[in-house]
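Colleague: Here you go, my_file_25.csv (CSV, C-alpha atoms):
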chain,number,residue,atom,x,y,z
A,1,MET,CA,51.9,75.7,42.9
A,2,PRO,CA,54.6,74.8,40.3
A,3,ASP,CA,54.1,74.9,36.6
A,4,VAL,CA,53.8,71.4,35.3
A,5,ALA,CA,56.0,72.3,32.3
A,6,GLU,CA,58.8,73.5,34.6
A,7,LEU,CA,59.3,70.2,36.4
A,8,LYS,CA,62.0,67.8,35.1
A,9,PRO,CA,60.2,64.8,33.5
A,10,VAL,CA,61.2,61.2,33.3
A,11,SER,CA,62.1,60.1,29.8
A,12,ILE,CA,60.0,57.3,28.2
A,13,SER,CA,60.5,55.8,24.8
A,14,ALA,CA,57.7,55.2,22.4
A,15,LYS,CA,57.9,51.5,22.9
A,16,GLN,CA,57.8,51.9,26.7
A,17,ALA,CA,54.8,54.1,26.4
A,18,ARG,CA,53.0,51.4,24.4
A,19,HIS,CA,53.9,48.7,27.0
A,20,LEU,CA,52.7,50.9,29.8
A,21,ALA,CA,49.4,51.7,28.0
A,22,LEU,CA,48.7,48.0,27.4
A,23,ALA,CA,49.8,46.7,30.8
A,24,GLY,CA,47.6,49.1,32.6
A,25,GLN,CA,44.5,47.8,30.8
A,26,GLY,CA,44.4,44.4,32.4
A,27,PHE,CA,45.4,42.2,29.5
A,28,GLU,CA,46.3,38.6,30.4
A,29,THR,CA,47.3,35.6,28.3
A,30,PRO,CA,44.0,33.6,28.0
A,31,ASP,CA,44.4,30.3,29.8
A,32,PRO,CA,41.6,27.8,28.8
A,33,ALA,CA,42.5,25.7,31.8
A,34,ARG,CA,41.7,28.6,34.2
A,35,PRO,CA,38.0,29.4,34.3
A,36,VAL,CA,36.9,33.0,33.9
A,37,ASP,CA,34.8,33.5,37.0
A,38,ARG,CA,33.2,36.6,38.6
A,39,ARG,CA,36.3,37.4,40.6
A,40,ARG,CA,38.6,37.5,37.5
A,41,ILE,CA,36.0,39.6,35.6
A,42,MET,CA,35.8,42.1,38.4
A,43,LYS,CA,39.6,42.3,38.8
A,44,MET,CA,39.8,43.1,35.1
A,45,ILE,CA,37.0,45.8,35.3
A,46,ARG,CA,38.7,47.4,38.2
A,47,LYS,CA,41.8,47.9,36.0
A,48,THR,CA,39.9,49.6,33.3
A,49,ASN,CA,37.7,51.4,35.9
A,50,MET,CA,34.5,50.8,33.8
A,51,LEU,CA,33.0,49.1,30.8
A,52,GLN,CA,31.3,51.4,28.2
A,53,ILE,CA,27.7,50.6,27.3
A,54,ASP,CA,26.4,51.2,23.8
A,55,SER,CA,23.2,50.3,22.0
A,56,VAL,CA,24.9,49.0,18.9
A,57,ASN,CA,24.4,45.2,18.7
A,58,VAL,CA,25.5,44.3,15.2
A,59,LEU,CA,28.2,42.0,16.8
A,60,SER,CA,27.6,42.0,20.5
A,61,ARG,CA,26.7,44.5,23.1
A,62,ALA,CA,29.9,46.5,23.6
A,63,HIS,CA,30.4,46.0,27.3
A,64,TYR,CA,30.8,42.2,26.9
A,65,MET,CA,33.7,42.5,24.5
A,66,PRO,CA,36.6,44.1,26.6
A,67,VAL,CA,36.3,41.2,29.0
A,68,PHE,CA,36.6,38.7,26.1
A,69,SER,CA,39.5,40.6,24.6
A,70,ARG,CA,41.5,40.4,27.9
A,71,LEU,CA,40.4,37.1,29.4
A,72,GLY,CA,39.1,35.0,26.5
A,73,VAL,CA,35.8,33.0,26.3
A,74,TYR,CA,33.6,33.4,29.3
A,75,ASP,CA,29.9,33.1,30.3
A,76,ARG,CA,28.2,36.5,29.6
A,77,ALA,CA,25.6,35.7,32.2
A,78,LEU,CA,28.3,36.3,34.8
A,79,LEU,CA,28.7,39.9,33.7
A,80,ASP,CA,24.9,40.3,33.6
A,81,GLN,CA,24.8,39.2,37.2
A,82,LEU,CA,27.5,41.6,38.2
A,83,SER,CA,25.7,44.4,36.4
A,84,TRP,CA,22.0,43.8,36.9
A,85,GLY,CA,21.7,40.8,39.2
A,86,THR,CA,20.4,40.5,42.7
A,87,ALA,CA,21.7,42.7,45.5
A,88,LYS,CA,24.1,40.0,46.5
A,89,GLN,CA,25.4,39.4,42.9
A,90,ARG,CA,25.7,43.1,41.9
A,91,LYS,CA,29.1,44.6,41.9
A,92,LEU,CA,28.6,47.2,39.2
A,93,PHE,CA,26.3,50.2,38.8
A,94,GLU,CA,25.5,52.1,35.7
A,95,TYR,CA,26.3,55.8,35.4
A,96,TRP,CA,28.2,58.4,33.2
A,97,GLY,CA,31.8,57.5,33.5
A,98,HIS,CA,33.5,57.9,30.1
A,99,GLU,CA,30.1,57.7,28.5
A,100,ALA,CA,27.3,55.5,29.8
A,101,SER,CA,29.3,52.9,31.7
A,102,LEU,CA,29.2,50.0,34.2
A,103,ILE,CA,31.4,51.1,37.1
A,104,PRO,CA,32.4,49.2,40.3
A,105,VAL,CA,30.0,50.0,43.1
A,106,GLU,CA,32.8,50.9,45.5
A,107,ASP,CA,33.6,53.8,43.1
A,108,TYR,CA,30.1,55.3,43.5
A,109,PRO,CA,31.3,58.1,45.8
A,110,LEU,CA,33.8,59.3,43.3
A,111,TYR,CA,31.0,60.3,40.9
A,112,ARG,CA,28.8,62.1,43.3
A,113,TRP,CA,30.3,65.5,42.3
A,114,ARG,CA,28.9,64.9,38.8
A,115,MET,CA,25.5,64.2,40.3
A,116,GLU,CA,25.7,67.3,42.4
A,117,ASP,CA,26.5,69.3,39.3
A,118,ALA,CA,23.4,67.9,37.6
A,119,LEU,CA,21.2,68.8,40.5
A,120,ARG,CA,22.4,72.4,40.0
A,121,GLY,CA,21.5,72.1,36.3
A,122,GLU,CA,25.2,71.9,35.1
A,123,GLY,CA,27.0,69.5,32.9
A,124,MET,CA,23.9,68.0,31.2
A,125,TRP,CA,22.2,68.2,27.8
A,126,GLY,CA,20.0,71.2,27.5
A,127,ARG,CA,16.6,69.3,27.4
A,128,MET,CA,17.3,67.6,30.7
A,129,ALA,CA,18.3,70.8,32.4
A,130,ALA,CA,15.2,72.5,31.0
A,131,ILE,CA,12.8,69.9,32.3
A,132,ALA,CA,14.3,70.0,35.8
A,133,ARG,CA,14.1,73.8,35.7
A,134,ASP,CA,10.7,74.2,34.1
A,135,GLU,CA,8.7,71.3,35.3
A,136,PRO,CA,9.9,70.4,38.9
A,137,ASP,CA,6.4,69.1,39.9
A,138,PHE,CA,6.4,66.6,37.0
A,139,VAL,CA,9.9,65.4,37.9
A,140,ALA,CA,8.9,65.1,41.5
A,141,SER,CA,5.9,63.0,40.5
A,142,LEU,CA,8.1,60.5,38.8
A,143,LEU,CA,10.2,60.1,42.0
A,144,ARG,CA,7.0,59.5,44.0
A,145,HIS,CA,5.9,56.9,41.5
A,146,LEU,CA,9.2,55.0,41.9
A,147,GLU,CA,9.0,55.2,45.7
A,148,ARG,CA,5.5,53.8,45.6
A,149,GLU,CA,5.7,51.3,42.7
A,150,GLY,CA,9.3,50.3,42.5
A,151,THR,CA,11.3,49.5,39.3
A,152,THR,CA,9.8,51.3,36.3
A,153,ALA,CA,10.8,51.9,32.7
A,154,ALA,CA,10.1,55.4,31.3
A,155,SER,CA,8.1,53.9,28.3
A,156,THR,CA,5.5,52.5,30.7
A,157,LEU,CA,4.7,55.9,32.2
A,158,ASN,CA,2.8,57.6,29.5
A,159,GLU,CA,1.8,57.3,25.8
A,160,GLU,CA,2.5,60.8,24.7
A,161,PRO,CA,4.0,61.4,21.2
A,162,ARG,CA,7.8,61.5,20.9
A,163,GLU,CA,9.4,64.9,20.1
A,164,GLY,CA,11.5,64.6,17.0
A,165,GLY,CA,12.1,61.5,14.9
A,166,SER,CA,15.5,60.2,15.8
A,167,GLN,CA,16.1,57.3,18.2
A,168,TRP,CA,18.3,59.5,20.4
A,169,TRP,CA,16.3,62.7,20.6
A,170,GLY,CA,12.8,61.2,20.0
A,171,TRP,CA,12.2,61.0,23.8
A,172,THR,CA,9.0,61.3,25.6
A,173,LYS,CA,8.7,63.9,28.4
A,174,ALA,CA,8.9,61.1,31.0
A,175,LYS,CA,12.1,59.7,29.3
A,176,THR,CA,13.7,63.1,29.4
A,177,ALA,CA,12.8,63.6,33.1
A,178,MET,CA,14.0,60.1,34.0
A,179,GLU,CA,17.3,60.8,32.3
A,180,TYR,CA,17.7,64.0,34.4
A,181,LEU,CA,17.0,62.0,37.5
A,182,PHE,CA,19.5,59.3,36.4
A,183,TRP,CA,22.2,61.9,35.6
A,184,SER,CA,21.6,63.7,39.0
A,185,GLY,CA,21.9,60.4,40.9
A,186,GLN,CA,18.3,60.4,42.2
A,187,VAL,CA,17.5,57.2,40.3
A,188,MET,CA,19.6,54.3,39.1
A,189,ALA,CA,19.3,51.7,36.4
A,190,ARG,CA,18.3,48.4,38.0
A,191,LYS,CA,18.4,46.5,34.7
A,192,ARG,CA,18.2,46.7,31.0
A,193,ARG,CA,15.1,45.5,29.1
A,194,GLY,CA,15.3,43.4,25.9
A,195,SER,CA,15.4,46.6,23.8
A,196,PHE,CA,18.2,47.8,26.0
A,197,GLU,CA,15.9,50.3,27.7
A,198,ARG,CA,16.8,51.2,31.3
A,199,GLU,CA,14.4,50.2,34.1
A,200,TYR,CA,14.9,52.7,37.0
A,201,ASP,CA,14.7,52.5,40.7
A,202,LEU,CA,16.0,54.4,43.7
A,203,PRO,CA,19.7,54.0,44.4
A,204,HIS,CA,19.5,52.6,47.9
A,205,ARG,CA,17.3,49.8,46.6
A,206,ILE,CA,20.0,48.8,44.1
A,207,ILE,CA,23.4,49.5,45.8
A,208,GLY,CA,22.4,49.6,49.4
A,209,ASP,CA,24.2,51.7,52.0
A,210,VAL,CA,26.8,52.9,49.5
A,211,ALA,CA,24.1,55.3,48.2
A,212,HIS,CA,24.0,57.1,51.5
A,213,GLU,CA,27.7,57.7,51.9
A,214,PRO,CA,28.7,61.4,52.3
A,215,VAL,CA,29.5,63.4,49.2
A,216,LEU,CA,33.2,63.7,48.8
A,217,PRO,CA,34.7,67.1,48.1
A,218,ARG,CA,34.9,67.7,44.4
A,219,ASP,CA,38.7,68.0,44.3
A,220,VAL,CA,39.2,64.8,46.4
A,221,ALA,CA,37.0,62.7,44.2
A,222,GLN,CA,38.5,64.0,41.0
A,223,ARG,CA,42.1,63.4,42.2
A,224,ALA,CA,41.0,59.8,43.1
A,225,LEU,CA,39.6,59.3,39.6
A,226,ILE,CA,42.8,60.7,38.0
A,227,ALA,CA,44.9,58.4,40.2
A,228,LYS,CA,42.9,55.4,38.9
A,229,GLY,CA,43.1,56.7,35.4
A,230,ILE,CA,46.8,57.1,35.3
A,231,VAL,CA,47.2,53.5,36.4
A,232,ALA,CA,44.7,52.3,33.7
A,233,MET,CA,46.4,54.3,31.0
A,234,GLY,CA,50.0,53.7,32.1
A,235,VAL,CA,51.1,57.0,30.7
A,236,ALA,CA,48.9,59.9,29.7
A,237,THR,CA,48.6,63.6,28.9
A,238,ILE,CA,46.3,66.0,30.8
A,239,ALA,CA,43.9,65.7,27.9
A,240,ASP,CA,44.0,61.8,28.1
A,241,LEU,CA,43.2,61.9,31.8
A,242,ARG,CA,40.5,64.4,31.3
A,243,LYS,CA,38.8,62.5,28.6
A,244,TYR,CA,39.0,59.1,30.3
A,245,PHE,CA,36.5,60.3,32.9
A,246,ARG,CA,35.0,63.2,31.0
A,247,LEU,CA,36.3,65.7,33.6
A,248,PRO,CA,35.8,69.4,33.1
A,249,THR,CA,38.9,70.9,31.4
A,250,GLU,CA,39.8,73.4,34.1
A,251,ASP,CA,39.2,70.9,36.9
A,252,ALA,CA,41.5,68.4,35.2
A,253,LYS,CA,44.3,71.0,34.8
A,254,ALA,CA,44.0,72.0,38.5
A,255,ARG,CA,43.9,68.4,39.8
A,256,VAL,CA,46.9,67.3,37.7
A,257,ALA,CA,48.9,70.3,39.0
A,258,GLU,CA,48.0,69.5,42.6
A,259,MET,CA,48.9,65.8,42.1
A,260,VAL,CA,52.3,66.7,40.6
A,261,GLU,CA,53.0,69.0,43.5
A,262,ASN,CA,52.0,66.2,45.9
A,263,GLY,CA,54.1,63.6,44.1
A,264,ASP,CA,51.0,61.6,43.1
A,265,LEU,CA,51.9,62.1,39.4
A,266,ILE,CA,55.3,62.1,37.8
A,267,PRO,CA,55.9,64.2,34.6
A,268,ALA,CA,57.1,62.2,31.7
A,269,LEU,CA,58.8,63.3,28.4
A,270,VAL,CA,57.5,60.7,25.9
A,271,GLU,CA,59.2,60.1,22.6
A,272,GLY,CA,57.1,61.6,19.8
A,273,TRP,CA,54.6,63.3,22.0
A,274,GLN,CA,54.0,67.0,21.6
A,275,GLN,CA,52.3,67.4,25.0
A,276,PRO,CA,53.8,66.6,28.5
A,277,GLY,CA,52.9,63.1,29.8
A,278,PHE,CA,52.5,61.7,33.3
A,279,ILE,CA,53.0,58.4,35.0
A,280,ALA,CA,52.1,57.0,38.4
A,281,PRO,CA,54.8,57.2,41.0
A,282,ASP,CA,55.1,53.4,41.2
A,283,ALA,CA,54.9,52.8,37.4
A,284,LYS,CA,57.1,50.0,36.2
A,285,ILE,CA,58.6,51.6,33.1
A,286,ARG,CA,60.4,48.6,31.9
A,287,ARG,CA,57.5,46.2,32.1
A,288,ARG,CA,56.4,44.5,28.8
A,289,ALA,CA,52.9,43.9,27.5
A,290,THR,CA,52.4,42.3,24.1
A,291,PRO,CA,48.8,41.1,24.0
A,292,SER,CA,46.9,39.8,21.0
A,293,ALA,CA,43.2,40.6,20.8
A,294,LEU,CA,40.2,41.8,18.8
A,295,MET,CA,38.9,45.1,20.1
A,296,VAL,CA,35.6,46.8,19.6
A,297,PRO,CA,35.5,50.5,19.0
A,298,PHE,CA,34.2,51.0,22.5
A,299,ASP,CA,37.1,49.3,24.3
A,300,PRO,CA,39.0,51.7,26.6
A,301,VAL,CA,42.1,51.3,24.5
A,302,MET,CA,40.2,52.6,21.5
A,303,TRP,CA,38.2,55.4,23.1
A,304,GLU,CA,40.3,58.4,22.0
A,305,ARG,CA,41.5,58.1,18.4
A,306,ASP,CA,44.3,60.7,18.7
A,307,ARG,CA,45.7,58.7,21.6
A,308,VAL,CA,45.5,55.4,19.6
A,309,GLU,CA,47.5,57.1,16.8
A,310,ARG,CA,50.0,58.7,19.2
A,311,ILE,CA,50.8,55.4,21.0
A,312,PHE,CA,50.3,52.8,18.4
A,313,GLY,CA,50.8,54.7,15.1
A,314,PHE,CA,47.4,53.3,14.1
A,315,ASN,CA,44.8,55.5,12.3
A,316,TYR,CA,41.3,54.3,13.3
A,317,ARG,CA,38.0,55.9,12.8
A,318,ILE,CA,34.6,54.4,13.7
A,319,GLU,CA,32.5,54.4,10.5
A,320,ILE,CA,29.0,53.5,11.9
A,321,TYR,CA,27.8,57.0,11.3
A,322,THR,CA,29.5,57.4,7.9
A,323,PRO,CA,27.3,56.9,4.8
A,324,ALA,CA,27.9,53.4,3.4
A,325,GLU,CA,29.4,54.7,0.1
A,326,LYS,CA,32.0,56.7,2.0
A,327,ARG,CA,33.2,53.9,4.4
A,328,GLN,CA,36.7,52.8,3.9
A,329,TYR,CA,36.7,49.6,5.9
A,330,GLY,CA,33.1,48.8,6.9
A,331,TYR,CA,30.3,49.4,9.3
A,332,TYR,CA,31.5,47.7,12.6
A,333,VAL,CA,35.2,47.3,12.3
A,334,LEU,CA,37.3,45.7,15.0
A,335,PRO,CA,41.0,46.3,15.0
A,336,PHE,CA,43.2,43.2,15.5
A,337,MET,CA,46.2,43.5,17.8
A,338,LEU,CA,49.0,40.9,17.5
A,339,ASP,CA,51.8,40.9,20.0
A,340,GLY,CA,51.1,44.5,20.9
A,341,ASP,CA,50.8,45.9,17.4
A,342,PHE,CA,47.7,46.7,15.4
A,343,VAL,CA,48.1,44.6,12.2
A,344,ALA,CA,44.6,44.2,10.7
A,345,ARG,CA,41.0,45.3,10.9
A,346,VAL,CA,37.8,43.2,10.2
A,347,ASP,CA,34.2,44.3,9.6
A,348,LEU,CA,32.1,41.8,11.6
A,349,LYS,CA,28.4,41.0,12.1
A,350,THR,CA,26.7,38.2,14.1
A,351,ASP,CA,24.1,36.6,12.0
A,352,ARG,CA,22.1,35.1,14.8
A,353,GLN,CA,19.5,33.4,12.6
A,354,ALA,CA,22.1,31.5,10.6
A,355,LYS,CA,24.4,31.1,13.6
A,356,LEU,CA,27.3,32.6,11.7
A,357,LEU,CA,30.0,35.1,12.5
A,358,ARG,CA,30.2,37.0,9.2
A,359,VAL,CA,33.4,38.7,8.1
A,360,PHE,CA,32.4,41.2,5.5
A,361,SER,CA,35.9,42.6,4.9
A,362,ALA,CA,39.4,42.1,6.2
A,363,HIS,CA,42.4,44.4,5.7
A,364,ALA,CA,46.0,43.9,6.8
A,365,GLU,CA,48.1,46.9,7.8
A,366,PRO,CA,51.0,47.7,5.4
A,367,GLY,CA,54.3,46.0,6.1
A,368,CYS,CA,53.0,43.0,8.1
A,369,ASP,CA,53.5,39.3,7.4
A,370,THR,CA,50.0,38.7,5.9
A,371,ASP,CA,50.2,34.9,6.1
A,372,HIS,CA,51.2,35.0,9.8
A,373,VAL,CA,48.6,37.7,10.5
A,374,ALA,CA,45.9,35.7,8.7
A,375,ALA,CA,46.6,32.6,10.6
A,376,GLN,CA,46.5,34.4,14.0
A,377,LEU,CA,43.4,36.3,13.1
A,378,ASN,CA,41.7,33.2,11.9
A,379,ALA,CA,42.2,31.6,15.4
A,380,HIS,CA,40.9,34.7,17.1
A,381,LEU,CA,37.8,34.8,14.9
A,382,HIS,CA,37.0,31.2,15.7
A,383,GLN,CA,37.4,32.0,19.4
A,384,LEU,CA,35.1,35.0,19.0
A,385,SER,CA,32.6,32.8,17.2
A,386,GLN,CA,32.7,30.3,20.1
A,387,PHE,CA,32.2,33.2,22.6
A,388,LEU,CA,29.2,34.5,20.7
A,389,GLU,CA,27.8,31.0,20.4
A,390,MET,CA,27.9,30.9,16.6
A,391,ASP,CA,28.4,27.7,14.7
A,392,ALA,CA,31.0,28.9,12.1
A,393,VAL,CA,32.9,31.8,10.6
A,394,ASP,CA,31.8,33.0,7.1
A,395,ILE,CA,34.4,35.1,5.3
A,396,THR,CA,33.6,37.2,2.2
A,397,GLU,CA,36.6,37.0,-0.1
A,398,MET,CA,36.8,40.6,-1.2
A,399,ASN,CA,40.6,41.2,-1.4
A,400,GLY,CA,43.9,39.4,-1.2
A,401,PHE,CA,44.1,39.4,2.6
A,402,SER,CA,40.5,38.1,3.1
A,403,LYS,CA,41.3,35.3,0.6
A,404,ARG,CA,44.3,34.4,2.8
A,405,LEU,CA,42.1,34.5,5.8
A,406,ALA,CA,39.5,32.2,4.2
A,407,GLY,CA,42.3,29.9,3.2
A,408,GLN,CA,43.4,29.7,6.8
A,409,ARG,CA,39.9,28.8,7.7
A,410,ALA,CA,39.9,26.0,5.2
A,411,MET,CA,43.2,24.6,6.6
A,412,ALA,CA,41.8,24.8,10.2
Kindly return the structure encoded in the file as structure tokens.

Modeller:
Amino acid sequence: MPDVAELKPVSISAKQARHLALAGQGFETPDPARPVDRRRIMKMIRKTNMLQIDSVNVLSRAHYMPVFSRLGVYDRALLDQLSWGTAKQRKLFEYWGHEASLIPVEDYPLYRWRMEDALRGEGMWGRMAAIARDEPDFVASLLRHLEREGTTAASTLNEEPREGGSQWWGWTKAKTAMEYLFWSGQVMARKRRGSFEREYDLPHRIIGDVAHEPVLPRDVAQRALIAKGIVAMGVATIADLRKYFRLPTEDAKARVAEMVENGDLIPALVEGWQQPGFIAPDAKIRRRATPSALMVPFDPVMWERDRVERIFGFNYRIEIYTPAEKRQYGYYVLPFMLDGDFVARVDLKTDRQAKLLRVFSAHAEPGCDTDHVAAQLNAHLHQLSQFLEMDAVDITEMNGFSKRLAGQRAMA
């Protein structure tokens, strides 16, 4: 098998890399005259391969936002139907993709290797592996309960004290066992409750016959994921491809080498990159993509901060877990992209009681035309307010740029 580094790569400029990265992510120019229906939503999700789920709800649940960023205002109930609706409506299932993610049902076989790993006690957090190993009878009893009773939330199974005090690790024994069953593919999330808690059921009751399809060989499934990933990312390093689907490091290296040898990946020398890049064989290197959008930290474009800096020259860190006094920009900060460049960032919160989209801070990037950026950002904030069903945008005037932004609001 040839060494990836020995193959002559295609040369790609930094600008071409940026266009490739954005074009692969399903950005479209929002067209108010064209309704955003279920078909368009699924077409977009198939381009990103998944939507990441996160419990943070200060603005909106994270999985709703990538669709808005690419397609504009849409009815969130459509995505709910695709994710947790009836058997006829459902086109997505929940599993560990990048992190907890909503994934097209047709891709279910591509993740079975990960479920098989979990059945062997591999690739999971220690507590889940421990309960599967040490208390198999208890785990089996939960499966029997689901078979008999149907959809069940872990919190309804017992009233035992939680271990630990944090939200993440303060799980009951039943919750830990259910998470093992979820990771190993023995149960699936039928829906999310109001607190965003999963309700579990058996896979065949949720996705039908797809649940019974044969397990693909590990290497076949991983090559298929990487083939999807390189299209979604446009151009990527081995590390980019590995992180997109959270593939094991050695597996990712082996699969990429195999795909290069087979002609399914083309090596690329990307301007400014220290590591070799790769593109799909049919990649359109000269295509252009210059979207304008607000993006949440959990958008696929933003997943890996080193990739964001490498491609866009934009230094971004999520500060949710940073103590308030040490935050530079705010708690839940959305980068604002204008014509393919990150030009500003805004700290946002949905005040559902007052029906306001609150802008706690706004910062323009150095060197940009602040008046132009403020005008464009103002328009996007009002569109976001409409999407979130708020009545108005409230801007805290805490610096020169936020004052310009508020002034644009007054002129609107």

Colleague: For range 109-120 of chain A, list every protein, DNA or RNA residue within 7 Å, evaluated using all atoms listed in the file, and leave out those in the same chain fewer than 4 positions away; present the list as a list in words.

Modeller: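 Non-adjacent residues within range: Met124, Trp183, Ser184, Gly185, Val215, Leu216, Arg218, Ala221 and Leu225 of chain A.
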
Colleague: What is the distance between CA of Leu20 in chain A and CA of Met42 in chain A, in Å to one decimal?

Modeller: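 Computing the Euclidean distance for CA of Leu20 in chain A and CA of Met42 in chain A yields 20.9 Å.
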
Colleague: For range 338-355 of chain A, find every residue with an atom within 10 Å (counting only C-alpha atoms), except residues of its own chain fewer than 5 positions away, and show them as a PyMOL selection string.

Modeller: chain A and resi 15+18-19+22+57-60+288-295+308+312-316+329-333+360-370+372-374+376-377+381+385+388-395+401-402

Colleague: Rounded to one decimal, what separation in Å do you get between CA of Gln52 in chain A and CA of Met302 in chain A?

Modeller: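 Value for the CA of Gln52 in chain A-CA of Met302 in chain A distance: 11.2 Å.
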
Colleague: Which polymer residues have any atom within 7 Å of an atom of range 232-241 of chain A, counting all atoms listed in the file, with same-chain residues fewer than 2 positions away left out, as a count of residues only?

Modeller: 21
